[in-house]
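S.K.: Dropping in target09.pdb, which is PDB, C-alpha atoms:
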ATOM      1  CA  MET A 825    -125.494 118.974 139.942
ATOM      2  CA  HIS A 826    -123.554 119.798 143.067
ATOM      3  CA  ILE A 827    -120.407 117.679 142.911
ATOM      4  CA  PRO A 828    -119.595 116.133 146.320
ATOM      5  CA  ASP A 829    -116.162 115.550 147.858
ATOM      6  CA  GLY A 830    -114.510 112.438 146.444
ATOM      7  CA  PHE A 831    -115.425 112.886 142.777
ATOM      8  CA  LEU A 832    -112.614 115.241 141.802
ATOM      9  CA  SER A 833    -108.870 114.771 141.935
ATOM     10  CA  PRO A 834    -106.763 117.343 143.835
ATOM     11  CA  ALA A 835    -105.444 118.672 140.531
ATOM     12  CA  VAL A 836    -108.877 119.232 138.985
ATOM     13  CA  SER A 837    -110.209 120.643 142.245
ATOM     14  CA  ALA A 838    -107.326 123.098 142.496
ATOM     15  CA  ALA A 839    -107.486 124.096 138.834
ATOM     16  CA  ALA A 840    -111.200 124.807 139.119
ATOM     17  CA  TYR A 841    -110.642 126.903 142.242
ATOM     18  CA  VAL A 842    -107.941 128.924 140.496
ATOM     19  CA  ILE A 843    -110.039 129.535 137.376
ATOM     20  CA  SER A 844    -113.182 130.399 139.351
ATOM     21  CA  GLY A 845    -111.372 132.537 141.867
ATOM     22  CA  GLY A 846    -109.392 134.358 139.229
ATOM     23  CA  THR A 847    -112.437 135.009 137.091
ATOM     24  CA  LEU A 848    -114.478 136.363 139.972
ATOM     25  CA  ALA A 849    -111.612 138.501 141.236
ATOM     26  CA  ALA A 850    -111.149 139.998 137.783
ATOM     27  CA  GLY A 851    -114.874 140.661 137.518
ATOM     28  CA  ILE A 852    -115.036 142.336 140.915
ATOM     29  CA  ARG A 853    -112.049 144.538 140.160
ATOM     30  CA  SER A 854    -112.839 145.522 136.602
ATOM     31  CA  ARG A 855    -116.638 145.575 136.553
ATOM     32  CA  LEU A 856    -118.484 145.262 139.831
ATOM     33  CA  LYS A 857    -116.433 147.744 141.831
ATOM     34  CA  LYS A 858    -116.818 150.243 139.011
ATOM     35  CA  ARG A 859    -120.416 149.767 137.979
ATOM     36  CA  LEU A 860    -122.536 147.820 140.451
ATOM     37  CA  GLU A 861    -124.774 150.354 142.193
ATOM     38  CA  GLN A 862    -125.581 149.702 145.827
ATOM     39  CA  ASP A 863    -129.306 150.217 145.311
ATOM     40  CA  LYS A 864    -129.347 146.830 143.548
ATOM     41  CA  ILE A 865    -128.211 145.014 146.687
ATOM     42  CA  PRO A 866    -131.574 144.418 148.431
ATOM     43  CA  LEU A 867    -133.031 142.976 145.235
ATOM     44  CA  MET A 868    -129.911 140.828 144.755
ATOM     45  CA  GLY A 869    -130.462 139.477 148.249
ATOM     46  CA  VAL A 870    -134.086 138.623 147.562
ATOM     47  CA  MET A 871    -133.380 136.944 144.217
ATOM     48  CA  ALA A 872    -130.546 134.966 145.774
ATOM     49  CA  ALA A 873    -132.802 133.826 148.605
ATOM     50  CA  PHE A 874    -135.431 132.845 146.069
ATOM     51  CA  VAL A 875    -132.981 130.873 143.924
ATOM     52  CA  PHE A 876    -131.747 129.124 147.087
ATOM     53  CA  ALA A 877    -135.321 128.149 147.993
ATOM     54  CA  ALA A 878    -136.133 127.103 144.432
ATOM     55  CA  GLN A 879    -133.012 124.920 144.289
ATOM     56  CA  MET A 880    -134.455 122.909 147.163
ATOM     57  CA  VAL A 881    -137.538 122.032 145.115
ATOM     58  CA  ASN A 882    -136.576 119.046 143.000
ATOM     59  CA  PHE A 883    -139.042 118.246 140.240
ATOM     60  CA  PRO A 884    -139.359 114.684 138.894
ATOM     61  CA  ILE A 885    -137.992 113.784 135.472
ATOM     62  CA  ILE A 886    -139.182 110.810 133.385
ATOM     63  CA  GLY A 887    -137.034 107.834 134.266
ATOM     64  CA  GLY A 888    -136.840 108.163 138.023
ATOM     65  CA  THR A 889    -134.524 111.135 138.235
ATOM     66  CA  SER A 890    -135.143 114.689 139.364
ATOM     67  CA  GLY A 891    -133.871 118.147 138.601
ATOM     68  CA  HIS A 892    -133.974 121.561 140.136
ATOM     69  CA  LEU A 893    -133.623 125.123 139.001
ATOM     70  CA  ILE A 894    -130.094 126.468 138.763
ATOM     71  CA  GLY A 895    -131.241 130.059 138.270
ATOM     72  CA  ALA A 896    -128.151 131.338 136.462
ATOM     73  CA  VAL A 897    -129.989 132.861 133.500
ATOM     74  CA  LEU A 898    -132.777 134.190 135.722
ATOM     75  CA  CYS A 899    -130.229 136.188 137.714
ATOM     76  CA  ALA A 900    -128.214 137.216 134.658
ATOM     77  CA  ALA A 901    -131.279 138.477 132.800
ATOM     78  CA  ILE A 902    -132.080 140.809 135.699
ATOM     79  CA  PHE A 903    -128.668 141.856 136.970
ATOM     80  CA  GLY A 904    -126.142 141.041 134.264
ATOM     81  CA  PRO A 905    -123.544 138.255 134.260
ATOM     82  CA  TRP A 906    -120.959 139.441 136.787
ATOM     83  CA  THR A 907    -123.552 140.255 139.429
ATOM     84  CA  ALA A 908    -125.291 136.967 138.726
ATOM     85  CA  ALA A 909    -121.959 135.134 139.094
ATOM     86  CA  ILE A 910    -121.448 136.679 142.538
ATOM     87  CA  ILE A 911    -124.997 135.784 143.551
ATOM     88  CA  MET A 912    -124.647 132.181 142.350
ATOM     89  CA  THR A 913    -121.240 131.805 144.012
ATOM     90  CA  THR A 914    -122.620 133.004 147.345
ATOM     91  CA  ILE A 915    -125.545 130.590 147.113
ATOM     92  CA  LEU A 916    -123.174 127.724 146.305
ATOM     93  CA  ALA A 917    -120.948 128.656 149.234
ATOM     94  CA  VAL A 918    -123.935 128.699 151.620
ATOM     95  CA  GLN A 919    -125.049 125.326 150.294
ATOM     96  CA  CYS A 920    -121.565 123.894 150.647
ATOM     97  CA  PHE A 921    -120.605 125.144 154.103
ATOM     98  CA  ILE A 922    -123.953 125.316 155.887
ATOM     99  CA  PHE A 923    -125.831 122.442 154.252
ATOM    100  CA  GLY A 924    -123.084 120.102 153.045
ATOM    101  CA  ASP A 925    -124.533 120.263 149.529
ATOM    102  CA  GLY A 926    -121.518 120.129 147.261
ATOM    103  CA  GLY A 927    -118.083 119.271 148.603
ATOM    104  CA  VAL A 928    -115.586 121.860 149.807
ATOM    105  CA  THR A 929    -113.006 120.389 147.444
ATOM    106  CA  ALA A 930    -115.563 120.672 144.651
ATOM    107  CA  LEU A 931    -116.714 124.222 145.383
ATOM    108  CA  GLY A 932    -114.358 125.711 142.812
ATOM    109  CA  ALA A 933    -115.765 123.360 140.183
ATOM    110  CA  ASN A 934    -119.379 123.880 141.228
ATOM    111  CA  VAL A 935    -118.865 127.641 141.010
ATOM    112  CA  LEU A 936    -117.191 127.247 137.629
ATOM    113  CA  ASN A 937    -120.060 125.125 136.318
ATOM    114  CA  MET A 938    -123.123 126.785 137.806
ATOM    115  CA  GLY A 939    -121.862 130.230 138.776
ATOM    116  CA  ILE A 940    -119.689 131.100 135.812
ATOM    117  CA  LEU A 941    -120.264 128.892 132.776
ATOM    118  CA  ALA A 942    -124.041 128.602 133.244
ATOM    119  CA  VAL A 943    -124.270 132.353 133.820
ATOM    120  CA  PHE A 944    -122.045 133.589 130.999
ATOM    121  CA  ALA A 945    -123.003 131.035 128.347
ATOM    122  CA  GLY A 946    -126.676 131.478 129.147
ATOM    123  CA  TYR A 947    -126.392 135.262 129.200
ATOM    124  CA  PHE A 948    -124.458 135.277 125.923
ATOM    125  CA  ILE A 949    -127.258 133.370 124.189
ATOM    126  CA  TYR A 950    -129.906 135.538 125.851
ATOM    127  CA  LYS A 951    -128.170 138.719 124.708
ATOM    128  CA  LEU A 952    -127.817 137.370 121.181
ATOM    129  CA  PHE A 953    -131.559 136.883 120.985
ATOM    130  CA  TYR A 954    -132.134 140.309 122.523
ATOM    131  CA  LYS A 955    -129.997 141.962 119.868
ATOM    132  CA  ILE A 956    -132.049 140.300 117.146
ATOM    133  CA  GLN A 957    -135.506 140.619 118.686
ATOM    134  CA  ASN A 958    -134.950 143.854 120.591
ATOM    135  CA  ARG A 959    -137.035 142.646 123.538
ATOM    136  CA  VAL A 960    -137.086 140.100 126.369
ATOM    137  CA  SER A 961    -138.687 137.098 124.686
ATOM    138  CA  TYR A 962    -139.780 133.934 126.416
ATOM    139  CA  ALA A 963    -138.194 131.860 123.658
ATOM    140  CA  SER A 964    -134.817 133.474 124.353
ATOM    141  CA  LEU A 965    -135.161 132.858 128.089
ATOM    142  CA  PHE A 966    -136.133 129.242 127.559
ATOM    143  CA  ILE A 967    -133.342 128.485 125.099
ATOM    144  CA  SER A 968    -130.618 130.253 127.063
ATOM    145  CA  SER A 969    -131.761 128.591 130.313
ATOM    146  CA  TRP A 970    -131.745 125.193 128.651
ATOM    147  CA  PHE A 971    -128.236 125.678 127.311
ATOM    148  CA  SER A 972    -126.980 126.930 130.678
ATOM    149  CA  VAL A 973    -127.984 123.612 132.254
ATOM    150  CA  VAL A 974    -126.696 121.356 129.479
ATOM    151  CA  LEU A 975    -123.348 123.126 129.075
ATOM    152  CA  SER A 976    -122.623 123.104 132.810
ATOM    153  CA  ALA A 977    -123.460 119.386 132.839
ATOM    154  CA  VAL A 978    -120.885 118.863 130.072
ATOM    155  CA  LEU A 979    -118.219 120.723 132.055
ATOM    156  CA  ALA A 980    -119.049 118.755 135.204
ATOM    157  CA  SER A 981    -118.647 115.553 133.183
ATOM    158  CA  ILE A 982    -115.240 116.690 131.966
ATOM    159  CA  GLU A 983    -114.110 117.532 135.502
ATOM    160  CA  ILE A 984    -115.267 114.185 136.883
ATOM    161  CA  SER A 985    -113.805 112.231 134.007
ATOM    162  CA  VAL A 986    -110.430 113.990 133.889
ATOM    163  CA  SER A 987    -110.149 113.387 137.642
ATOM    164  CA  GLY A 988    -109.857 109.700 136.813
ATOM    165  CA  LEU A 989    -111.264 108.499 140.121
ATOM    166  CA  ASN A 990    -113.711 106.130 138.519
ATOM    167  CA  SER A 991    -113.609 103.528 135.782
ATOM    168  CA  ALA A 992    -116.419 104.876 133.623
ATOM    169  CA  ALA A 993    -115.434 106.077 130.172
ATOM    170  CA  PHE A 994    -115.616 109.818 129.531
ATOM    171  CA  ILE A 995    -118.055 109.372 126.653
ATOM    172  CA  GLU A 996    -120.365 107.296 128.859
ATOM    173  CA  ILE A 997    -120.451 109.904 131.597
ATOM    174  CA  VAL A 998    -120.980 112.785 129.193
ATOM    175  CA  LYS A 999    -123.713 110.958 127.280
ATOM    176  CA  LEU A1000    -125.700 110.234 130.428
ATOM    177  CA  MET A1001    -125.142 113.645 132.007
ATOM    178  CA  VAL A1002    -126.218 115.403 128.812
ATOM    179  CA  TYR A1003    -129.238 113.133 128.469
ATOM    180  CA  TRP A1004    -130.573 113.844 131.945
ATOM    181  CA  HIS A1005    -129.716 117.512 131.839
ATOM    182  CA  MET A1006    -131.399 118.014 128.474
ATOM    183  CA  LEU A1007    -134.573 116.970 130.282
ATOM    184  CA  ILE A1008    -133.779 118.981 133.399
ATOM    185  CA  GLY A1009    -133.041 121.958 131.152
ATOM    186  CA  ILE A1010    -136.643 121.904 129.953
ATOM    187  CA  GLY A1011    -137.722 122.352 133.560
ATOM    188  CA  GLU A1012    -135.203 125.180 133.988
ATOM    189  CA  GLY A1013    -136.546 126.869 130.872
ATOM    190  CA  ILE A1014    -140.177 126.601 131.906
ATOM    191  CA  ILE A1015    -139.573 127.736 135.481
ATOM    192  CA  THR A1016    -137.402 130.661 134.337
ATOM    193  CA  VAL A1017    -140.047 131.850 131.875
ATOM    194  CA  LEU A1018    -142.826 131.597 134.476
ATOM    195  CA  ILE A1019    -140.819 133.552 137.035
ATOM    196  CA  VAL A1020    -139.886 136.236 134.522
ATOM    197  CA  LYS A1021    -143.535 136.525 133.470
ATOM    198  CA  TYR A1022    -144.493 137.119 137.086
ATOM    199  CA  LEU A1023    -141.676 139.585 137.725
ATOM    200  CA  LYS A1024    -142.507 141.564 134.579
ATOM    201  CA  ARG A1025    -146.075 141.866 135.803
ATOM    202  CA  ILE A1026    -145.148 143.284 139.191
ATOM    203  CA  LYS A1027    -142.188 145.363 138.009
ATOM    204  CA  PRO A1028    -142.207 145.832 134.224
ATOM    205  CA  ASP A1029    -138.927 147.757 134.026
ATOM    206  CA  LEU A1030    -136.970 145.210 136.069
ATOM    207  CA  PHE A1031    -135.303 143.862 132.949
ATOM    208  CA  GLU A1032    -134.354 147.306 131.628
ATOM    209  CA  TYR A1033    -131.913 148.128 134.409
ATOM    210  CA  GLU A1034    -128.244 148.460 133.630
ATOM    211  CA  LYS A1035    -126.687 145.025 133.704
ATOM    212  CA  VAL A1036    -123.266 144.503 135.205
TER
ATOM    213  CA  MET B1383    -137.868 154.358 146.216
ATOM    214  CA  ARG B1384    -136.779 153.256 149.694
ATOM    215  CA  ASN B1385    -140.292 152.152 150.572
ATOM    216  CA  PHE B1386    -140.619 150.304 147.331
ATOM    217  CA  ILE B1387    -137.356 148.468 147.923
ATOM    218  CA  SER B1388    -138.268 147.483 151.471
ATOM    219  CA  GLY B1389    -141.726 146.467 150.209
ATOM    220  CA  ILE B1390    -140.249 144.275 147.516
ATOM    221  CA  VAL B1391    -137.723 142.787 149.925
ATOM    222  CA  PHE B1392    -140.406 141.983 152.472
ATOM    223  CA  LYS B1393    -142.769 140.478 149.868
ATOM    224  CA  GLY B1394    -139.878 138.649 148.218
ATOM    225  CA  ILE B1395    -138.731 136.999 151.447
ATOM    226  CA  LEU B1396    -142.345 136.013 152.157
ATOM    227  CA  ILE B1397    -142.513 134.339 148.754
ATOM    228  CA  CYS B1398    -139.267 132.512 149.550
ATOM    229  CA  PHE B1399    -140.775 131.275 152.816
ATOM    230  CA  ALA B1400    -143.892 130.183 150.933
ATOM    231  CA  VAL B1401    -141.737 128.173 148.540
ATOM    232  CA  VAL B1402    -140.022 126.498 151.491
ATOM    233  CA  LEU B1403    -143.251 125.861 153.375
ATOM    234  CA  PHE B1404    -145.392 124.574 150.514
ATOM    235  CA  LEU B1405    -143.075 123.300 147.790
ATOM    236  CA  VAL B1406    -140.092 121.845 149.626
ATOM    237  CA  PRO B1407    -142.209 119.183 151.426
ATOM    238  CA  ILE B1408    -143.520 117.930 148.089
ATOM    239  CA  ALA B1409    -140.160 118.039 146.297
ATOM    240  CA  SER B1410    -139.209 114.891 144.429
ATOM    241  CA  PRO B1411    -137.008 112.529 146.434
ATOM    242  CA  ASN B1412    -135.549 111.074 143.222
ATOM    243  CA  PRO B1413    -131.789 111.420 142.755
ATOM    244  CA  ASP B1414    -130.751 114.411 140.689
ATOM    245  CA  GLY B1415    -129.019 114.076 137.318
ATOM    246  CA  LEU B1416    -125.496 113.793 138.677
ATOM    247  CA  GLU B1417    -126.469 111.395 141.473
ATOM    248  CA  ARG B1418    -128.257 109.222 138.938
ATOM    249  CA  VAL B1419    -125.279 109.067 136.585
ATOM    250  CA  ALA B1420    -122.952 108.376 139.517
ATOM    251  CA  LYS B1421    -125.155 105.498 140.620
ATOM    252  CA  ASP B1422    -125.545 104.031 137.132
ATOM    253  CA  LYS B1423    -121.838 104.305 136.356
ATOM    254  CA  ASP B1424    -120.904 103.026 139.776
ATOM    255  CA  PHE B1425    -118.918 105.978 141.104
ATOM    256  CA  ASP B1426    -121.426 107.221 143.661
ATOM    257  CA  LYS B1427    -119.481 105.201 146.220
ATOM    258  CA  ASN B1428    -116.592 107.640 145.739
ATOM    259  CA  ALA B1429    -118.589 110.385 147.413
ATOM    260  CA  ARG B1430    -117.042 111.275 150.728
ATOM    261  CA  VAL B1431    -118.819 112.552 153.795
ATOM    262  CA  PRO B1432    -118.384 116.338 153.550
ATOM    263  CA  LEU B1433    -114.955 117.353 154.815
ATOM    264  CA  VAL B1434    -116.462 120.363 156.557
ATOM    265  CA  THR B1435    -119.078 119.564 159.197
ATOM    266  CA  ALA B1436    -122.216 121.263 158.017
ATOM    267  CA  LEU B1437    -124.476 123.112 160.442
ATOM    268  CA  LEU B1438    -127.639 121.860 158.751
ATOM    269  CA  PRO B1439    -126.418 118.766 156.900
ATOM    270  CA  ASP B1440    -128.429 117.725 153.885
ATOM    271  CA  TYR B1441    -131.010 120.422 154.549
ATOM    272  CA  SER B1442    -132.095 119.036 157.891
ATOM    273  CA  VAL B1443    -132.037 120.316 161.451
ATOM    274  CA  PRO B1444    -130.085 117.729 163.488
ATOM    275  CA  TRP B1445    -132.487 117.511 166.409
ATOM    276  CA  LEU B1446    -135.546 117.434 164.109
ATOM    277  CA  LYS B1447    -134.122 114.362 162.348
ATOM    278  CA  ASP B1448    -135.191 113.550 158.811
ATOM    279  CA  THR B1449    -138.678 115.046 158.779
ATOM    280  CA  LYS B1450    -140.489 117.474 156.530
ATOM    281  CA  LEU B1451    -140.450 119.993 159.385
ATOM    282  CA  SER B1452    -136.691 119.630 159.456
ATOM    283  CA  SER B1453    -136.432 120.529 155.766
ATOM    284  CA  ILE B1454    -138.789 123.469 156.174
ATOM    285  CA  VAL B1455    -136.911 124.923 159.136
ATOM    286  CA  SER B1456    -133.504 124.501 157.526
ATOM    287  CA  GLY B1457    -134.862 125.914 154.261
ATOM    288  CA  GLY B1458    -136.184 128.951 156.086
ATOM    289  CA  ALA B1459    -132.828 129.418 157.760
ATOM    290  CA  GLY B1460    -131.121 129.093 154.397
ATOM    291  CA  VAL B1461    -133.348 131.786 152.897
ATOM    292  CA  LEU B1462    -132.349 134.244 155.605
ATOM    293  CA  ILE B1463    -128.663 133.269 155.602
ATOM    294  CA  THR B1464    -128.488 133.590 151.815
ATOM    295  CA  PHE B1465    -130.226 136.955 151.834
ATOM    296  CA  GLY B1466    -127.907 138.244 154.545
ATOM    297  CA  LEU B1467    -124.722 136.930 152.983
ATOM    298  CA  VAL B1468    -125.523 138.228 149.492
ATOM    299  CA  TYR B1469    -126.322 141.585 151.095
ATOM    300  CA  LEU B1470    -122.896 141.649 152.757
ATOM    301  CA  VAL B1471    -121.074 140.386 149.669
ATOM    302  CA  GLY B1472    -122.972 142.924 147.579
ATOM    303  CA  LYS B1473    -121.774 145.733 149.817
ATOM    304  CA  ALA B1474    -118.217 144.448 149.551
ATOM    305  CA  VAL B1475    -118.027 144.173 145.754
ATOM    306  CA  SER B1476    -120.165 147.087 144.622
ATOM    307  CA  LYS B1477    -119.240 150.620 143.665
ATOM    308  CA  PRO B1478    -118.451 152.581 146.837
ATOM    309  CA  LYS B1479    -121.077 155.207 147.647
ATOM    310  CA  LYS B1480    -119.866 158.738 146.933
ATOM    311  CA  GLN B1481    -118.857 160.545 150.101
ATOM    312  CA  ASP B1482    -120.413 164.026 150.120
TER
END
How does this structure look as structure tokens?

M.R.:
Amino acid sequence: MHIPDGFLSPAVSAAAYVISGGTLAAGIRSRLKKRLEQDKIPLMGVMAAFVFAAQMVNFPIIGGTSGHLIGAVLCAAIFGPWTAAIIMTTILAVQCFIFGDGGVTALGANVLNMGILAVFAGYFIYKLFYKIQNRVSYASLFISSWFSVVLSAVLASIEISVSGLNSAAFIEIVKLMVYWHMLIGIGEGIITVLIVKYLKRIKPDLFEYEKV
Amino acid sequence: MRNFISGIVFKGILICFAVVLFLVPIASPNPDGLERVAKDKDFDKNARVPLVTALLPDYSVPWLKDTKLSSIVSGGAGVLITFGLVYLVGKAVSKPKKQD
């Protein structure tokens, strides 16, 4: 759901940039600089590259639409939310500036939706399950991944609607966005679970590392 | 540990390339969720040509035109660029290594 240039008003674009930028800056200062160990970096690079590649693989959805993995919960489950937010932001920036996927004016919003909200909301739900079940469960991964997609779609709808650059009613946009992304979220959930299954097989303690 | 990391990195990047080589060419051409809503609600026409000229616009290599090879090559480039940039960003935001 990379928002292109032309969908957001200058005010919404700027507000999103400020919120995203401020959040990331706070996270870097108060968490990452204090707790992110450098030995995580090669793995961060690989996961980021994988999420980038996976985001190119659109899967068809009933009704003539398609979706693709966002990867927010996948990254958060391995690295923790702040590290995942940095990873997602970097991917979004590469997509925006190198590939023209997502507008420059919309980068703040795209980061807010897919790099911050998807990550933190998804991770929050994932952690909640973990506290109750005391293990990494596929149900928790599926549900948190699904919510990460749907919630970021809701926020994108709000941004587009508040921008007022089109005549569609807010409720119409949100209804449709949520509808499609509820379906896309199923794909996100399935793909996330399959990838985690594979990763647990090749490196069982990957999900036990300290999360930042 | 070092060998393990470089092993995982090497294997991981290979997997990324495999995804680009085998899955990207068969990716669905259908519009994604947002594009679909924009089309149905008639605001897709608001989309502007990107304000910043992209190097590999729309995941294609300019001189390879709009072919599957174009997507594969640009995807492969994207894998390496993303790995490299996250590596650099990671170094910049992580805990500084203790100086002995």

S.K.: Kindly provide, as number ranges by chain, the residues of chain B having any atom no farther than 7 Å from an atom of chain A, counting all atoms listed in the file.

M.R.: B: 1391, 1394-1395, 1398, 1401-1402, 1405-1406, 1409-1410, 1412-1416, 1418-1419, 1423, 1425, 1428-1430, 1432-1434, 1436-1441, 1457, 1461, 1464-1466, 1468-1469, 1472-1473, 1475-1477

S.K.: Using C-alpha atoms, can you export the residues from the last selection as a compact mmCIF listing (two decimals), in the coordinates of the input?

M.R.:
# COMPACT_ATOMS: atom_id res chain seq x y z
CA VAL B 1391 -137.72 142.79 149.93
CA GLY B 1394 -139.88 138.65 148.22
CA ILE B 1395 -138.73 137.00 151.45
CA CYS B 1398 -139.27 132.51 149.55
CA VAL B 1401 -141.74 128.17 148.54
CA VAL B 1402 -140.02 126.50 151.49
CA LEU B 1405 -143.07 123.30 147.79
CA VAL B 1406 -140.09 121.84 149.63
CA ALA B 1409 -140.16 118.04 146.30
CA SER B 1410 -139.21 114.89 144.43
CA ASN B 1412 -135.55 111.07 143.22
CA PRO B 1413 -131.79 111.42 142.76
CA ASP B 1414 -130.75 114.41 140.69
CA GLY B 1415 -129.02 114.08 137.32
CA LEU B 1416 -125.50 113.79 138.68
CA ARG B 1418 -128.26 109.22 138.94
CA VAL B 1419 -125.28 109.07 136.58
CA LYS B 1423 -121.84 104.30 136.36
CA PHE B 1425 -118.92 105.98 141.10
CA ASN B 1428 -116.59 107.64 145.74
CA ALA B 1429 -118.59 110.38 147.41
CA ARG B 1430 -117.04 111.28 150.73
CA PRO B 1432 -118.38 116.34 153.55
CA LEU B 1433 -114.96 117.35 154.82
CA VAL B 1434 -116.46 120.36 156.56
CA ALA B 1436 -122.22 121.26 158.02
CA LEU B 1437 -124.48 123.11 160.44
CA LEU B 1438 -127.64 121.86 158.75
CA PRO B 1439 -126.42 118.77 156.90
CA ASP B 1440 -128.43 117.72 153.88
CA TYR B 1441 -131.01 120.42 154.55
CA GLY B 1457 -134.86 125.91 154.26
CA VAL B 1461 -133.35 131.79 152.90
CA THR B 1464 -128.49 133.59 151.82
CA PHE B 1465 -130.23 136.96 151.83
CA GLY B 1466 -127.91 138.24 154.54
CA VAL B 1468 -125.52 138.23 149.49
CA TYR B 1469 -126.32 141.58 151.10
CA GLY B 1472 -122.97 142.92 147.58
CA LYS B 1473 -121.77 145.73 149.82
CA VAL B 1475 -118.03 144.17 145.75
CA SER B 1476 -120.16 147.09 144.62
CA LYS B 1477 -119.24 150.62 143.66

S.K.: How many Å separate atom CA of Tyr950 of chain A from atom CA of Asn934 of chain A?

M.R.: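 Interatomic distance here is 22.0 Å.
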
S.K.: Work out how far apart atom CA of Pro1411 of chain B and atom CA of Trp1445 of chain B are and give it in Å to one decimal.

M.R.: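 Result for atom CA of Pro1411 of chain B versus atom CA of Trp1445 of chain B: 21.1 Å, one decimal.
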
S.K.: For atom CA of Phe944 of chain A and atom CA of Lys1021 of chain A, determine how far apart the two atoms are, in Å to one decimal place.

M.R.: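 Separation between atom CA of Phe944 of chain A and atom CA of Lys1021 of chain A: 21.8 Å.
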
S.K.: Take segment 917-922 of chain A, model all heavy atoms, and hand the result over as an mmCIF file, keeping the file's coordinate frame.

M.R.:
data_model
loop_
_atom_site.group_PDB
_atom_site.id
_atom_site.type_symbol
_atom_site.label_atom_id
_atom_site.label_comp_id
_atom_site.auth_asym_id
_atom_site.auth_seq_id
_atom_site.Cartn_x
_atom_site.Cartn_y
_atom_site.Cartn_z
ATOM 1 N N ALA A 917 -121.763 128.697 148.018
ATOM 2 C CA ALA A 917 -120.948 128.656 149.234
ATOM 3 C C ALA A 917 -121.822 128.358 150.462
ATOM 4 O O ALA A 917 -121.450 127.553 151.324
ATOM 5 C CB ALA A 917 -120.216 129.988 149.424
ATOM 6 N N VAL A 918 -123.002 128.974 150.515
ATOM 7 C CA VAL A 918 -123.935 128.699 151.620
ATOM 8 C C VAL A 918 -124.322 127.223 151.604
ATOM 9 O O VAL A 918 -124.302 126.531 152.623
ATOM 10 C CB VAL A 918 -125.205 129.575 151.514
ATOM 11 C CG1 VAL A 918 -126.293 129.090 152.461
ATOM 12 C CG2 VAL A 918 -124.881 131.034 151.813
ATOM 13 N N GLN A 919 -124.643 126.728 150.405
ATOM 14 C CA GLN A 919 -125.049 125.326 150.294
ATOM 15 C C GLN A 919 -123.932 124.388 150.734
ATOM 16 O O GLN A 919 -124.160 123.381 151.388
ATOM 17 C CB GLN A 919 -125.474 125.022 148.855
ATOM 18 C CG GLN A 919 -126.767 125.716 148.458
ATOM 19 C CD GLN A 919 -127.028 125.648 146.978
ATOM 20 O OE1 GLN A 919 -126.107 125.658 146.159
ATOM 21 N NE2 GLN A 919 -128.302 125.590 146.606
ATOM 22 N N CYS A 920 -122.718 124.741 150.345
ATOM 23 C CA CYS A 920 -121.565 123.894 150.647
ATOM 24 C C CYS A 920 -121.258 123.872 152.141
ATOM 25 O O CYS A 920 -121.182 122.809 152.758
ATOM 26 C CB CYS A 920 -120.353 124.405 149.868
ATOM 27 S SG CYS A 920 -118.795 123.628 150.318
ATOM 28 N N PHE A 921 -121.092 125.073 152.730
ATOM 29 C CA PHE A 921 -120.605 125.144 154.103
ATOM 30 C C PHE A 921 -121.684 124.954 155.159
ATOM 31 O O PHE A 921 -121.422 124.414 156.222
ATOM 32 C CB PHE A 921 -119.887 126.482 154.336
ATOM 33 C CG PHE A 921 -118.581 126.573 153.598
ATOM 34 C CD1 PHE A 921 -118.439 127.394 152.488
ATOM 35 C CD2 PHE A 921 -117.487 125.819 154.003
ATOM 36 C CE1 PHE A 921 -117.238 127.468 151.794
ATOM 37 C CE2 PHE A 921 -116.273 125.887 153.315
ATOM 38 C CZ PHE A 921 -116.160 126.712 152.212
ATOM 39 N N ILE A 922 -122.898 125.420 154.873
ATOM 40 C CA ILE A 922 -123.953 125.316 155.887
ATOM 41 C C ILE A 922 -124.734 124.002 155.736
ATOM 42 O O ILE A 922 -125.141 123.394 156.716
ATOM 43 C CB ILE A 922 -124.951 126.498 155.789
ATOM 44 C CG1 ILE A 922 -124.211 127.832 155.759
ATOM 45 C CG2 ILE A 922 -125.970 126.432 156.912
ATOM 46 C CD1 ILE A 922 -123.945 128.454 157.099
#
